[in-house]
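Okay, entry_6.cif now, which holds mmCIF, C-alpha atoms and all ligand atoms:
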```cif
data_target
loop_
_atom_site.label_atom_id
_atom_site.label_comp_id
_atom_site.auth_asym_id
_atom_site.auth_seq_id
_atom_site.Cartn_x
_atom_site.Cartn_y
_atom_site.Cartn_z
CA MET C 1 -2.13 -24.12 -12.35
CA LYS C 2 0.31 -23.83 -9.48
CA PHE C 3 0.98 -20.28 -8.26
CA LEU C 4 3.72 -19.25 -5.86
CA THR C 5 2.79 -15.91 -4.27
CA VAL C 6 5.57 -13.81 -2.74
CA LEU C 7 4.60 -11.12 -0.26
CA GLY C 8 6.04 -9.50 2.84
CA ALA C 9 4.77 -5.98 3.57
CA ARG C 10 1.50 -4.67 5.02
CA PRO C 11 -0.18 -3.45 1.82
CA GLN C 12 0.60 -6.77 0.13
CA PHE C 13 -1.33 -8.73 2.73
CA ILE C 14 -4.37 -6.56 2.05
CA LYS C 15 -4.01 -6.99 -1.73
CA ALA C 16 -3.54 -10.76 -1.36
CA ALA C 17 -6.76 -11.25 0.61
CA PRO C 18 -9.19 -10.96 -2.34
CA VAL C 19 -6.77 -12.51 -4.86
CA SER C 20 -5.98 -15.64 -2.82
CA ARG C 21 -9.69 -16.14 -2.19
CA GLU C 22 -10.45 -16.13 -5.95
CA LEU C 23 -7.30 -17.90 -7.09
CA ARG C 24 -7.89 -20.90 -4.84
CA LYS C 25 -11.29 -21.62 -6.42
CA ASN C 26 -9.58 -23.18 -9.48
CA HIS C 27 -5.85 -23.16 -8.81
CA GLU C 28 -3.24 -24.25 -6.31
CA GLU C 29 -1.46 -21.47 -4.41
CA LEU C 30 1.56 -21.54 -2.12
CA ILE C 31 2.42 -18.38 -0.17
CA VAL C 32 5.94 -17.21 0.66
CA HIS C 33 6.12 -14.53 3.39
CA THR C 34 9.53 -12.88 3.18
CA GLY C 35 9.29 -11.47 6.71
CA GLN C 36 9.93 -7.91 5.53
CA HIS C 37 7.22 -6.81 7.97
CA TYR C 38 7.17 -8.83 11.17
CA ASP C 39 5.54 -6.93 14.06
CA LYS C 40 2.20 -8.47 14.94
CA ASN C 41 0.33 -5.29 14.01
CA MET C 42 2.22 -5.04 10.69
CA SER C 43 1.70 -8.67 9.64
CA ASP C 44 -0.14 -11.39 11.62
CA ILE C 45 -3.14 -9.18 12.37
CA PHE C 46 -3.98 -8.99 8.66
CA PHE C 47 -3.72 -12.75 8.10
CA GLU C 48 -6.11 -13.31 11.00
CA GLU C 49 -8.57 -10.51 10.25
CA LEU C 50 -8.75 -11.03 6.49
CA HIS C 51 -8.57 -14.84 6.62
CA ILE C 52 -5.53 -14.92 4.35
CA PRO C 53 -4.23 -18.49 4.11
CA LYS C 54 -1.25 -19.11 6.38
CA PRO C 55 2.08 -18.78 4.53
CA ASP C 56 3.61 -22.09 3.43
CA PHE C 57 7.10 -20.60 3.75
CA HIS C 58 8.28 -17.88 6.10
CA LEU C 59 11.73 -16.54 5.23
CA GLY C 60 12.18 -14.42 8.36
CA ILE C 61 14.33 -11.84 6.56
CA GLY C 62 13.36 -8.81 8.64
CA SER C 63 14.73 -5.28 8.31
CA ALA C 64 18.04 -4.45 6.60
CA SER C 65 19.51 -2.17 3.95
CA HIS C 66 17.96 -2.47 0.48
CA GLY C 67 20.72 -4.64 -0.98
CA LYS C 68 20.99 -6.99 1.97
CA GLN C 69 17.24 -7.36 2.41
CA THR C 70 16.50 -7.88 -1.29
CA GLY C 71 19.52 -10.15 -1.81
CA GLU C 72 18.67 -12.45 1.08
CA MET C 73 15.10 -12.73 -0.16
CA LEU C 74 16.30 -13.47 -3.68
CA ALA C 75 18.49 -16.39 -2.60
CA LYS C 76 15.80 -17.99 -0.45
CA ILE C 77 12.99 -17.50 -2.97
CA GLU C 78 15.17 -19.09 -5.65
CA ASP C 79 15.50 -22.25 -3.52
CA ILE C 80 11.74 -22.44 -3.05
CA ILE C 81 11.01 -21.97 -6.76
CA LEU C 82 13.49 -24.74 -7.63
CA GLN C 83 11.89 -27.02 -5.05
CA GLU C 84 8.22 -26.26 -5.79
CA LYS C 85 8.38 -25.74 -9.57
CA PRO C 86 5.38 -23.38 -9.78
CA ASP C 87 3.75 -22.52 -13.12
CA TYR C 88 3.67 -18.84 -12.13
CA VAL C 89 5.16 -16.56 -9.48
CA LEU C 90 2.76 -13.83 -8.36
CA VAL C 91 3.89 -10.54 -6.81
CA TYR C 92 2.12 -7.37 -5.67
CA GLY C 93 2.98 -3.70 -5.84
CA ASP C 94 6.45 -2.25 -5.42
CA THR C 95 8.28 -3.30 -2.28
CA ASN C 96 11.62 -5.06 -1.96
CA SER C 97 9.68 -8.32 -1.54
CA THR C 98 8.05 -7.67 -4.94
CA LEU C 99 11.38 -7.14 -6.67
CA ALA C 100 13.01 -10.18 -5.05
CA GLY C 101 10.13 -12.47 -6.03
CA ALA C 102 10.04 -11.18 -9.60
CA LEU C 103 13.80 -11.38 -10.16
CA ALA C 104 14.15 -14.85 -8.69
CA ALA C 105 11.36 -16.17 -10.91
CA ALA C 106 12.38 -14.41 -14.12
CA LYS C 107 15.95 -15.74 -13.90
CA LEU C 108 14.56 -19.25 -13.56
CA HIS C 109 12.22 -18.67 -16.55
CA VAL C 110 9.10 -18.92 -14.44
CA PRO C 111 6.51 -16.41 -15.71
CA VAL C 112 5.92 -13.52 -13.33
CA VAL C 113 2.42 -12.21 -12.65
CA HIS C 114 2.56 -8.61 -11.43
CA ILE C 115 -0.53 -7.26 -9.73
CA GLU C 116 -0.74 -3.46 -9.52
CA ALA C 117 1.53 -3.13 -12.55
CA GLY C 118 2.24 0.01 -14.54
CA LEU C 119 2.33 2.64 -11.81
CA ARG C 120 4.86 5.41 -12.13
CA SER C 121 5.75 8.44 -10.03
CA PHE C 122 8.61 9.28 -12.43
CA ASN C 123 10.84 9.84 -9.41
CA LYS C 124 13.63 7.26 -9.30
CA ARG C 125 14.76 8.46 -5.89
CA MET C 126 11.81 6.54 -4.51
CA PRO C 127 12.73 2.89 -3.83
CA GLU C 128 9.21 1.94 -4.91
CA GLU C 129 9.75 3.42 -8.39
CA ILE C 130 12.84 1.30 -8.97
CA ASN C 131 11.09 -1.81 -7.69
CA ARG C 132 8.04 -1.33 -9.89
CA ILE C 133 9.96 -0.52 -13.09
CA MET C 134 12.21 -3.55 -12.64
CA THR C 135 9.31 -5.82 -11.77
CA ASP C 136 7.16 -4.69 -14.69
CA HIS C 137 9.99 -5.26 -17.12
CA VAL C 138 10.58 -8.89 -16.08
CA SER C 139 6.88 -9.75 -15.81
CA GLU C 140 4.86 -11.78 -18.32
CA PHE C 141 1.42 -10.82 -17.03
CA LEU C 142 0.83 -7.22 -16.03
CA PHE C 143 -2.47 -6.62 -14.27
CA CYS C 144 -3.04 -2.87 -14.09
CA PRO C 145 -5.44 -1.02 -11.80
CA THR C 146 -6.10 2.03 -14.01
CA ASP C 147 -5.97 3.30 -17.59
CA THR C 148 -3.04 5.51 -16.58
CA ALA C 149 -1.08 2.39 -15.65
CA ILE C 150 -1.86 0.85 -19.04
CA LYS C 151 -0.63 4.00 -20.76
CA ASN C 152 2.57 4.03 -18.71
CA LEU C 153 3.36 0.49 -19.85
CA THR C 154 2.41 1.19 -23.46
CA ASP C 155 4.78 4.17 -23.37
CA GLU C 156 7.52 1.73 -22.29
CA ASN C 157 6.63 -0.61 -25.17
CA MET C 158 4.94 -3.21 -23.02
CA LYS C 159 1.71 -4.34 -24.63
CA HIS C 160 1.53 -8.12 -24.32
CA ASN C 161 -0.65 -9.42 -21.47
CA VAL C 162 -1.14 -5.86 -20.17
CA ILE C 163 -4.67 -5.82 -18.79
CA ASN C 164 -6.72 -3.30 -16.82
CA VAL C 165 -8.66 -5.41 -14.33
CA GLY C 166 -9.29 -2.62 -11.81
CA ASP C 167 -7.72 -2.27 -8.41
CA VAL C 168 -7.56 -5.22 -6.02
CA MET C 169 -7.50 -2.72 -3.13
CA TYR C 170 -10.95 -1.59 -4.27
CA ASP C 171 -12.06 -5.24 -4.08
CA ALA C 172 -10.73 -5.37 -0.52
CA VAL C 173 -12.49 -2.16 0.52
CA GLU C 174 -15.82 -3.20 -1.00
CA TYR C 175 -15.62 -6.60 0.68
CA ASN C 176 -14.78 -5.16 4.10
CA ARG C 177 -16.25 -1.66 4.43
CA GLN C 178 -19.62 -2.69 5.88
CA LEU C 179 -17.91 -5.21 8.15
CA ALA C 180 -15.65 -2.41 9.40
CA GLU C 181 -18.54 0.00 9.90
CA ASN C 182 -20.48 -2.61 11.90
CA ASN C 183 -17.70 -4.35 13.82
CA SER C 184 -14.93 -1.87 14.51
CA ASP C 185 -15.22 -0.08 17.84
CA ILE C 186 -12.16 2.08 17.20
CA LEU C 187 -13.93 5.45 17.38
CA ASN C 188 -15.14 4.66 20.90
CA THR C 189 -11.80 3.17 21.89
CA PHE C 190 -9.98 6.35 20.87
CA GLY C 191 -12.82 8.69 21.96
CA LEU C 192 -13.28 10.10 18.45
CA THR C 193 -16.36 11.72 16.93
CA SER C 194 -17.14 11.05 13.28
CA LYS C 195 -15.97 13.87 10.96
CA GLU C 196 -14.35 15.75 13.82
CA TYR C 197 -10.79 14.47 13.41
CA HIS C 198 -8.11 14.17 10.78
CA LEU C 199 -6.39 10.84 10.12
CA ILE C 200 -2.62 10.91 9.52
CA THR C 201 -0.22 8.30 8.14
CA VAL C 202 3.42 9.03 7.21
CA HIS C 203 6.08 6.43 6.46
CA ARG C 204 7.58 6.86 2.99
CA ALA C 205 11.37 6.91 2.84
CA GLU C 206 11.48 10.17 0.87
CA ASN C 207 9.88 11.89 3.88
CA THR C 208 11.20 9.96 6.86
CA ASP C 209 14.81 9.73 5.64
CA ASP C 210 15.03 13.50 5.13
CA PRO C 211 15.22 15.38 8.47
CA GLU C 212 14.09 18.61 6.81
CA LYS C 213 11.02 17.05 5.27
CA ILE C 214 9.84 15.21 8.36
CA SER C 215 10.46 18.34 10.46
CA SER C 216 8.47 20.46 8.04
CA ILE C 217 5.57 17.98 8.15
CA LEU C 218 5.59 18.07 11.96
CA ALA C 219 5.75 21.88 11.92
CA ALA C 220 2.60 21.93 9.77
CA PHE C 221 0.83 19.51 12.13
CA SER C 222 1.67 21.83 15.05
CA GLU C 223 -0.54 24.50 13.44
CA ILE C 224 -3.57 22.27 12.91
CA GLU C 225 -5.99 22.66 15.81
CA GLU C 226 -8.38 19.79 14.98
CA VAL C 227 -8.04 16.41 16.66
CA LYS C 228 -5.53 14.31 14.75
CA VAL C 229 -5.15 10.55 15.06
CA TRP C 230 -1.90 9.06 13.74
CA PRO C 231 -1.32 5.31 13.68
CA MET C 232 2.43 5.56 13.45
CA HIS C 233 4.45 3.25 11.20
CA PRO C 234 7.47 1.78 13.05
CA ARG C 235 9.85 3.36 10.55
CA THR C 236 8.54 6.83 11.45
CA LYS C 237 8.58 6.09 15.16
CA HIS C 238 12.24 5.10 14.94
CA VAL C 239 13.14 8.21 12.92
CA ILE C 240 11.39 10.56 15.34
CA GLU C 241 13.19 8.91 18.25
CA ARG C 242 16.57 8.92 16.48
CA LEU C 243 16.33 12.58 15.47
CA ASN C 244 14.92 13.46 18.87
CA LEU C 245 12.02 15.35 17.27
CA SER C 246 9.38 16.66 19.67
CA LEU C 247 5.69 16.03 19.15
CA ASP C 248 4.71 17.92 22.31
CA ASN C 249 3.90 21.14 20.46
CA ILE C 250 1.33 19.45 18.21
CA PRO C 251 -2.11 20.15 19.68
CA ASN C 252 -4.80 17.47 19.97
CA LEU C 253 -2.54 14.75 18.60
CA MET C 254 -3.14 11.07 19.30
CA ILE C 255 -0.21 8.87 18.35
CA VAL C 256 -1.33 5.26 18.30
CA GLU C 257 0.18 1.93 17.26
CA PRO C 258 -0.55 0.76 13.69
CA VAL C 259 -4.12 -0.54 13.60
CA GLY C 260 -5.72 -3.53 11.87
CA TYR C 261 -7.42 -3.18 8.49
CA LEU C 262 -11.03 -3.00 9.70
CA ASP C 263 -10.15 -0.35 12.28
CA MET C 264 -8.23 1.53 9.59
CA LEU C 265 -11.21 1.50 7.22
CA LYS C 266 -13.41 2.80 10.02
CA LEU C 267 -10.91 5.54 10.88
CA GLU C 268 -10.69 6.52 7.21
CA SER C 269 -14.40 6.62 6.44
CA ASN C 270 -15.17 8.74 9.51
CA ALA C 271 -12.27 11.18 9.15
CA LYS C 272 -12.82 14.80 8.21
CA LYS C 273 -9.68 14.70 6.08
CA ILE C 274 -6.87 12.22 5.54
CA LEU C 275 -3.24 13.43 5.51
CA THR C 276 -0.93 10.76 4.13
CA ASP C 277 2.08 9.79 2.05
CA SER C 278 0.83 6.21 1.64
CA GLY C 279 -0.12 4.89 -1.78
CA GLY C 280 -2.89 2.66 -0.49
CA VAL C 281 -4.34 5.20 1.90
CA GLN C 282 -4.66 7.82 -0.89
CA LYS C 283 -6.81 5.39 -2.83
CA GLU C 284 -8.87 4.34 0.17
CA ALA C 285 -9.58 8.01 0.89
CA TYR C 286 -10.92 8.23 -2.66
CA PHE C 287 -13.01 5.05 -2.30
CA MET C 288 -14.41 6.38 1.00
CA GLU C 289 -15.00 9.83 -0.52
CA VAL C 290 -12.97 11.51 2.20
CA PRO C 291 -10.82 14.49 1.07
CA CYS C 292 -7.14 13.64 1.05
CA VAL C 293 -3.97 15.74 1.39
CA THR C 294 -0.94 13.91 0.04
CA LEU C 295 2.40 14.70 1.64
CA ARG C 296 4.47 13.87 -1.42
CA GLU C 297 5.88 15.63 -4.47
CA GLN C 298 4.46 13.09 -6.92
CA THR C 299 1.72 10.52 -6.84
CA GLU C 300 1.25 7.53 -9.08
CA TRP C 301 -2.50 7.73 -8.36
CA VAL C 302 -3.00 10.81 -10.55
CA GLU C 303 -6.71 10.10 -11.06
CA THR C 304 -7.39 10.95 -7.43
CA LEU C 305 -6.16 14.52 -8.00
CA GLU C 306 -9.18 15.39 -10.18
CA SER C 307 -11.55 17.91 -8.61
CA GLU C 308 -9.35 18.17 -5.53
CA ALA C 309 -10.43 14.82 -4.09
CA ASN C 310 -6.72 14.55 -3.33
CA ILE C 311 -4.39 17.54 -3.10
CA LEU C 312 -0.69 16.95 -3.65
CA VAL C 313 1.26 19.25 -1.36
CA GLY C 314 4.72 17.82 -0.82
CA THR C 315 6.17 18.75 2.56
CA ASP C 316 6.02 22.55 2.52
CA LYS C 317 4.34 23.73 5.73
CA GLU C 318 2.25 26.48 4.15
CA GLN C 319 1.05 24.23 1.35
CA ILE C 320 0.04 21.53 3.81
CA LEU C 321 -1.90 24.04 5.91
CA ALA C 322 -3.59 25.62 2.90
CA ALA C 323 -4.79 22.22 1.67
CA VAL C 324 -5.96 21.07 5.10
CA ASN C 325 -7.92 24.30 5.63
CA LYS C 326 -9.37 24.41 2.13
CA GLU C 327 -13.08 23.67 1.64
CA VAL C 328 -13.27 21.19 -1.23
CA THR C 329 -16.27 19.72 -3.04
CA PRO C 330 -14.86 16.81 -5.03
CA THR C 331 -16.82 14.69 -7.45
CA TYR C 332 -15.88 11.04 -7.22
CA LYS C 333 -15.86 8.78 -10.27
CA ASN C 334 -15.59 5.06 -10.72
CA LEU C 335 -11.95 4.95 -11.86
CA PHE C 336 -10.70 1.82 -10.17
CA GLY C 337 -12.87 -0.90 -11.70
CA ASP C 338 -15.89 -2.80 -10.43
CA ALA C 339 -14.40 -4.51 -7.36
CA LYS C 340 -13.98 -7.72 -9.36
CA ALA C 341 -10.27 -7.35 -10.12
CA ALA C 342 -9.29 -10.49 -8.21
CA GLU C 343 -11.90 -12.59 -10.01
CA LYS C 344 -10.71 -11.30 -13.40
CA ILE C 345 -7.10 -12.11 -12.55
CA ALA C 346 -7.94 -15.64 -11.40
CA ASN C 347 -10.18 -16.28 -14.43
CA TYR C 348 -7.42 -15.19 -16.80
CA PHE C 349 -5.60 -18.44 -15.98
CA ASN C 350 -8.60 -20.79 -16.24
C1 LIG C 401 8.03 -0.81 2.91
C2 LIG C 401 8.09 -0.54 1.41
C3 LIG C 401 7.19 0.64 1.08
C4 LIG C 401 5.78 0.42 1.59
C5 LIG C 401 5.81 0.06 3.06
C6 LIG C 401 4.41 -0.33 3.49
C7 LIG C 401 10.28 -1.07 0.42
C8 LIG C 401 11.56 -0.51 -0.10
N1 LIG C 401 9.45 -0.20 1.01
O1 LIG C 401 8.52 0.34 3.56
O2 LIG C 401 7.13 0.80 -0.33
O3 LIG C 401 5.05 1.60 1.40
O4 LIG C 401 6.68 -1.06 3.28
O5 LIG C 401 4.23 -0.18 4.85
O6 LIG C 401 10.04 -2.24 0.28
N2 LIG C 401 9.92 -1.99 11.00
C9 LIG C 401 9.57 -2.50 12.22
N3 LIG C 401 8.70 -3.55 12.24
C10 LIG C 401 8.17 -4.11 11.13
C11 LIG C 401 8.55 -3.58 9.89
C12 LIG C 401 9.43 -2.52 9.83
O7 LIG C 401 10.03 -2.05 13.26
O8 LIG C 401 7.36 -5.06 11.23
C13 LIG C 401 10.85 -0.83 10.96
C14 LIG C 401 12.32 -1.20 10.97
O9 LIG C 401 13.00 -0.23 11.71
C15 LIG C 401 12.69 -1.05 9.50
C16 LIG C 401 11.79 0.08 9.04
O10 LIG C 401 10.59 -0.08 9.78
O11 LIG C 401 14.04 -0.77 9.31
C17 LIG C 401 11.49 0.07 7.57
O12 LIG C 401 10.95 -1.18 7.16
P1 LIG C 401 11.09 -1.66 5.64
O13 LIG C 401 10.31 -2.89 5.44
O14 LIG C 401 12.52 -1.66 5.22
O15 LIG C 401 10.44 -0.49 4.82
P2 LIG C 401 9.06 0.27 5.04
O16 LIG C 401 9.36 1.67 5.41
O17 LIG C 401 8.18 -0.52 5.91
N1 LIG C 402 -3.18 0.30 7.05
C1 LIG C 402 -3.65 -0.40 8.16
N2 LIG C 402 -3.30 0.07 9.40
C2 LIG C 402 -2.54 1.17 9.58
C3 LIG C 402 -2.09 1.87 8.45
C4 LIG C 402 -2.41 1.39 7.18
O1 LIG C 402 -4.37 -1.39 8.03
O2 LIG C 402 -2.27 1.52 10.74
C5 LIG C 402 -3.55 -0.21 5.71
C6 LIG C 402 -4.28 0.79 4.84
O3 LIG C 402 -5.67 0.76 5.11
C7 LIG C 402 -3.93 0.33 3.44
C8 LIG C 402 -2.53 -0.24 3.60
O4 LIG C 402 -2.35 -0.47 5.00
O5 LIG C 402 -4.80 -0.73 3.04
C9 LIG C 402 -1.52 0.75 3.12
O6 LIG C 402 -0.25 0.33 3.46
P1 LIG C 402 0.95 1.33 3.73
O7 LIG C 402 0.44 2.70 3.93
O8 LIG C 402 1.78 0.73 4.79
O9 LIG C 402 1.80 1.20 2.39
P2 LIG C 402 1.70 1.83 0.93
O10 LIG C 402 0.32 1.67 0.44
O11 LIG C 402 2.15 3.26 1.02
O12 LIG C 402 2.70 1.05 0.16
#
```

Using structure tokens, write down the structure that the file contains.
Amino acid sequence: MKFLTVLGARPQFIKAAPVSRELRKNHEELIVHTGQHYDKNMSDIFFEELHIPKPDFHLGIGSASHGKQTGEMLAKIEDIILQEKPDYVLVYGDTNSTLAGALAAAKLHVPVVHIEAGLRSFNKRMPEEINRIMTDHVSEFLFCPTDTAIKNLTDENMKHNVINVGDVMYDAVEYNRQLAENNSDILNTFGLTSKEYHLITVHRAENTDDPEKISSILAAFSEIEEVKVWPMHPRTKHVIERLNLSLDNIPNLMIVEPVGYLDMLKLESNAKKILTDSGGVQKEAYFMEVPCVTLREQTEWVETLESEANILVGTDKEQILAAVNKEVTPTYKNLFGDAKAAEKIANYFN
């Protein structure tokens, strides 16, 4: 079978690594990189580190408003589908690149394969929620990471080709965690001691586009004494600059550039706690058995909330501080499959 994979944002490169590896054993795959993420440390670094095949098409779309970005992708992906005539178009997750790929294919009657289908936060103010609902509803094959995702789709009357294969991000972590532990020198580079720092990531639009929320998050950080390392997403960097927010009153804070995947896994596994609004990082905290504090009002990864492995705090300063200071003793379960999600997806089309 001939697959056309559409991707464009950091978490999609990580998800594509295990899937492309498995898919190419028995199928042909062409990769379209929309260019949604374009800085070296948001894109190229992952292709190099994770040996993801080089994209066959690079659309160079870059940053823009939702409509402009998605629309430009849509037009260019349509041309490629018409030219390449794939049997399937494969998309990951819930970004604008996901939606553009899915819409372009569905309108041309090419079956859409959605990996990481069925997630819901039930908050339509999140761009991701709109992207994932739309994508699920035009997809023919919905590969879900969890039972909750299956239930969400069943509740929306989607039952055909809805399969729980486990989470491809778990595949990626299992494949790379030892490599990261052995090869990443990031703790030395940053002068960090294992379990004596917190790891921070913040980038979601619902936090960064709301001056009150981002200010409240920073106010909470200013009352956390422990060492904090924060690989800052460019979106957040730009917001902090634009709003002229000061980070000077946050003690023991290390702001660093976004890091590669192996360095990130090493930073995660050695952190005392992880404070994040990222979808992927919440799950990786769970896989690494590192307590997580999620700076969001809702999470689609509800399983991680069991036994306080992940505490959902929103952006209220006191709630953030209470969760960070709380002693937790989570029990971790195997809720995300057996790290063979990519193989199951590829085999489905044999
Ligand atoms: C996108 C996804 C989000 C995902 C995130 C992963 C959408 C609507 N959002 O958010 O779901 O969690 O990717 O990281 O698709 N920028 C750069 N360099 C880059 C990329 C972005 O400077 O390489 C800056 C630009 O100022 C840009 C801003 O970041 O305007 C936001 O980028 P964009 O791709 O629109 O959304 P993300 O916040 O990255
Ligand atoms: N990540 C990374 N370097 C960083 C921050 C994140 O490699 O500096 C990885 C992280 O390990 C996870 C993925 O990027 O695999 C998550 O992507 P992101 O947080 O950008 O998006 P989300 O998952 O929220 O959509």

**Request:** Taking all atoms listed in the file into account, report as an MDAnalysis selection string which residues have an atom no farther than 8 Å from an atom of ligand LIG 401 (chain C).
**Result:** chainID C and resid 9:11 36:43 62:66 69 94:98 127:128 131 203:205 233:236 238 278:279

**Message:** From the options C:Ala100, C:Val293, C:Leu199, C:Ala346, which residue's atoms come nearest to Met1 (chain C), counting only C-alpha atoms?
**Reply:** C:Ala346

**Computed interatomic separation between CA of Asn310 (chain C) and atom P2 of ligand LIG 402 (chain C) (Å)** =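 Between CA of Asn310 (chain C) and atom P2 of ligand LIG 402 (chain C) the gap is 15.8 Å.
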
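When all atoms listed in the file are used to compute distances to Ala219 (chain C), the closest of the residues C:Lys68, C:Lys317, C:Lys237, C:Lys283 turns out to be C:Lys317.
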
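The shortest atom-to-atom distance to Glu129 (chain C), with all atoms listed in the file taken into account, belongs to C:Leu99 out of C:Leu99, C:Pro145, C:Glu303, C:Leu243.
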
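Residues of protein or nucleic acid lying within 6 Å of ligand LIG 402 (chain C), counting only C-alpha atoms and all ligand atoms, are Arg10, Pro11, Ile14, Pro231, Pro258, Val259, Gly260, Tyr261, Met264, Leu265, Ser278, Gly279, Gly280 and Val281 of chain C.
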
**Asked** Between C:Ile311, C:Val302, C:Leu179, C:Ile52, which is the closest to Asp147 (chain C) once you count all atoms listed in the file?
**Response**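 Checking each of C:Ile311, C:Val302, C:Leu179, C:Ile52 against Asp147 (chain C), counting all atoms listed in the file, the winner is C:Val302.
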
Start from the incomplete input, build N, CA and C atoms for region 272-287 of chain C, and deliver everything as a PDB file, keeping the file's coordinate frame.
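Output saved as result.pdb:
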```
ATOM      1  N   LYS C 272     -12.457  13.573   8.919  1.00  0.00           N
ATOM      2  CA  LYS C 272     -12.820  14.800   8.210  1.00  0.00           C
ATOM      3  C   LYS C 272     -11.933  14.914   6.972  1.00  0.00           C
ATOM      4  N   LYS C 273     -10.635  14.766   7.184  1.00  0.00           N
ATOM      5  CA  LYS C 273      -9.680  14.700   6.080  1.00  0.00           C
ATOM      6  C   LYS C 273      -8.629  13.640   6.412  1.00  0.00           C
ATOM      7  N   ILE C 274      -7.953  13.176   5.354  1.00  0.00           N
ATOM      8  CA  ILE C 274      -6.870  12.220   5.540  1.00  0.00           C
ATOM      9  C   ILE C 274      -5.585  12.867   5.029  1.00  0.00           C
ATOM     10  N   LEU C 275      -4.549  12.856   5.869  1.00  0.00           N
ATOM     11  CA  LEU C 275      -3.240  13.430   5.510  1.00  0.00           C
ATOM     12  C   LEU C 275      -2.266  12.253   5.434  1.00  0.00           C
ATOM     13  N   THR C 276      -1.690  12.006   4.274  1.00  0.00           N
ATOM     14  CA  THR C 276      -0.930  10.760   4.130  1.00  0.00           C
ATOM     15  C   THR C 276       0.161  10.859   3.074  1.00  0.00           C
ATOM     16  N   ASP C 277       1.157   9.986   3.175  1.00  0.00           N
ATOM     17  CA  ASP C 277       2.080   9.790   2.050  1.00  0.00           C
ATOM     18  C   ASP C 277       1.980   8.356   1.529  1.00  0.00           C
ATOM     19  N   SER C 278       1.014   7.609   2.042  1.00  0.00           N
ATOM     20  CA  SER C 278       0.830   6.210   1.640  1.00  0.00           C
ATOM     21  C   SER C 278       0.168   6.126   0.268  1.00  0.00           C
ATOM     22  N   GLY C 279       0.556   5.130  -0.510  1.00  0.00           N
ATOM     23  CA  GLY C 279      -0.120   4.890  -1.780  1.00  0.00           C
ATOM     24  C   GLY C 279      -1.529   4.354  -1.540  1.00  0.00           C
ATOM     25  N   GLY C 280      -1.600   3.296  -0.733  1.00  0.00           N
ATOM     26  CA  GLY C 280      -2.890   2.660  -0.490  1.00  0.00           C
ATOM     27  C   GLY C 280      -3.890   3.570   0.194  1.00  0.00           C
ATOM     28  N   VAL C 281      -3.414   4.354   1.135  1.00  0.00           N
ATOM     29  CA  VAL C 281      -4.340   5.200   1.900  1.00  0.00           C
ATOM     30  C   VAL C 281      -4.907   6.323   1.017  1.00  0.00           C
ATOM     31  N   GLN C 282      -4.116   6.822   0.059  1.00  0.00           N
ATOM     32  CA  GLN C 282      -4.660   7.820  -0.890  1.00  0.00           C
ATOM     33  C   GLN C 282      -5.860   7.247  -1.636  1.00  0.00           C
ATOM     34  N   LYS C 283      -5.711   6.003  -2.079  1.00  0.00           N
ATOM     35  CA  LYS C 283      -6.810   5.390  -2.830  1.00  0.00           C
ATOM     36  C   LYS C 283      -8.008   5.118  -1.932  1.00  0.00           C
ATOM     37  N   GLU C 284      -7.748   4.630  -0.734  1.00  0.00           N
ATOM     38  CA  GLU C 284      -8.870   4.340   0.170  1.00  0.00           C
ATOM     39  C   GLU C 284      -9.628   5.613   0.517  1.00  0.00           C
ATOM     40  N   ALA C 285      -8.910   6.731   0.650  1.00  0.00           N
ATOM     41  CA  ALA C 285      -9.580   8.010   0.890  1.00  0.00           C
ATOM     42  C   ALA C 285     -10.540   8.286  -0.265  1.00  0.00           C
ATOM     43  N   TYR C 286     -10.086   8.004  -1.480  1.00  0.00           N
ATOM     44  CA  TYR C 286     -10.920   8.230  -2.660  1.00  0.00           C
ATOM     45  C   TYR C 286     -12.142   7.293  -2.641  1.00  0.00           C
ATOM     46  N   PHE C 287     -11.889   6.013  -2.345  1.00  0.00           N
ATOM     47  CA  PHE C 287     -13.010   5.050  -2.300  1.00  0.00           C
ATOM     48  C   PHE C 287     -14.038   5.460  -1.241  1.00  0.00           C
TER      49      PHE C 287
END
```
